[in-house]
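Just below is one structure, and these are the notes that go with it.
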Amino acid sequence: MTRLSPVTVALRTLNGEQLPPRCRITREQARDYLVTLSGHDFGFDAGMWTAWSHVLPERDGQEHVGILVSRDTNGEILIGLEGGRTCRAIIPRTVFRRIGFVKPGVRLRVLLRPLGCSQIVGLAESSVPEREDGHD
């Protein structure tokens with residue numbers, strides 16, 4: 001599963017490139033996101049937006065804790081967040097190697113990012129099994 005930043009999703013949308021289903025947005029949504037992020041308006045000119053993105057410091061989303069609800073066959077995970085909200089996220093390979101396979105009900109830390117780019121960053125503290133005293 002590919003990790004995509006929201007800026008990359010917007011730029012690929014403006015260029016007419018293929019994206020995973022979770023990331024598909026309209027050209028108008030891509031332009032609106034980039035205008036909101038940058039404060040500039042280059043319209044639908046993908047070349048200008050690409051040039052602008054090369055000087056952009058990468059902004060990440062906010063980290064939240066959620067509970068794994070289900071896993072899709074394509075590798076996406078449905079996370080239940082506080083307040084009844086849900087989001088879809090991926091588990092990057094580096095994180096998967098560190099935490100292994102997770103089952104529904106496990107508490108995870110998720111980096112919420114716009115445009116379908118949320119990703120799991122690790123287990124939440126309460127999900128980590130604790131060692132009993134006297135055992136190493």
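Residue numbers start at 1 in each chain; chains themselves are named A, B, ... in the order of the structure tokens; ligands are numbered from 1 in the order shown.
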
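Proximity to A:Val95 at 10 Å, evaluated using only C-alpha atoms and with sequence-adjacent residues fewer than 5 positions away removed, yields Ile90, Gly100, Gln119, Ile120, Val121, Gly122 and Leu123 of chain A.
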
Keeping only N, CA and C atoms, write the selected residues as a CSV table (one decimal), in the first residue's frame.
chain,number,residue,atom,x,y,z
A,90,ILE,N,-4.1,3.4,6.2
A,90,ILE,CA,-3.3,2.3,5.8
A,90,ILE,C,-2.2,2.0,6.9
A,100,GLY,N,3.3,-5.8,13.7
A,100,GLY,CA,2.7,-7.1,13.3
A,100,GLY,C,1.2,-7.0,13.0
A,119,GLN,N,-2.8,7.4,8.1
A,119,GLN,CA,-2.1,6.2,8.2
A,119,GLN,C,-1.8,5.8,9.7
A,120,ILE,N,-1.7,4.5,9.9
A,120,ILE,CA,-1.4,4.1,11.3
A,120,ILE,C,0.1,4.3,11.6
A,121,VAL,N,0.3,4.8,12.8
A,121,VAL,CA,1.7,5.1,13.2
A,121,VAL,C,2.2,4.2,14.3
A,122,GLY,N,1.3,3.4,14.9
A,122,GLY,CA,1.7,2.5,15.9
A,122,GLY,C,0.6,2.1,16.8
A,123,LEU,N,0.9,1.3,17.8
A,123,LEU,CA,-0.1,0.9,18.8
A,123,LEU,C,-0.3,2.0,19.8

Subject >> Residues near A:Leu115, cut-off 8 Å, only C-alpha atoms, skip fewer than 4 positions along chain, as a PyMOL selection string >> reply: chain A and resi 6+9-10+23-25

Original post:
Just asking: which residues within stretch 73-111 of chain A are alpha helix (DSSP H) according to DSSP, as a PyMOL selection string?
Top reply: chain A and resi 93-99

Got a sec: who's within 6 Å of stretch 111-114 of chain A, counting only C-alpha atoms, leaving out chain neighbours fewer than 6 positions off, as a compact mmCIF listing (two decimals) with C-alpha atoms, in the first residue's frame?
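Dumped everything to out_23.txt:
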# COMPACT_ATOMS: atom_id res chain seq x y z
CA PRO A 6 -2.33 15.12 0.72
CA GLY A 61 -1.82 15.71 10.19
CA GLN A 62 -2.86 15.29 13.78
CA GLU A 63 -2.30 12.08 15.70

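We find atom CA of A:Arg12 and atom CA of A:Val110 to be spaced 23.7 Å apart.
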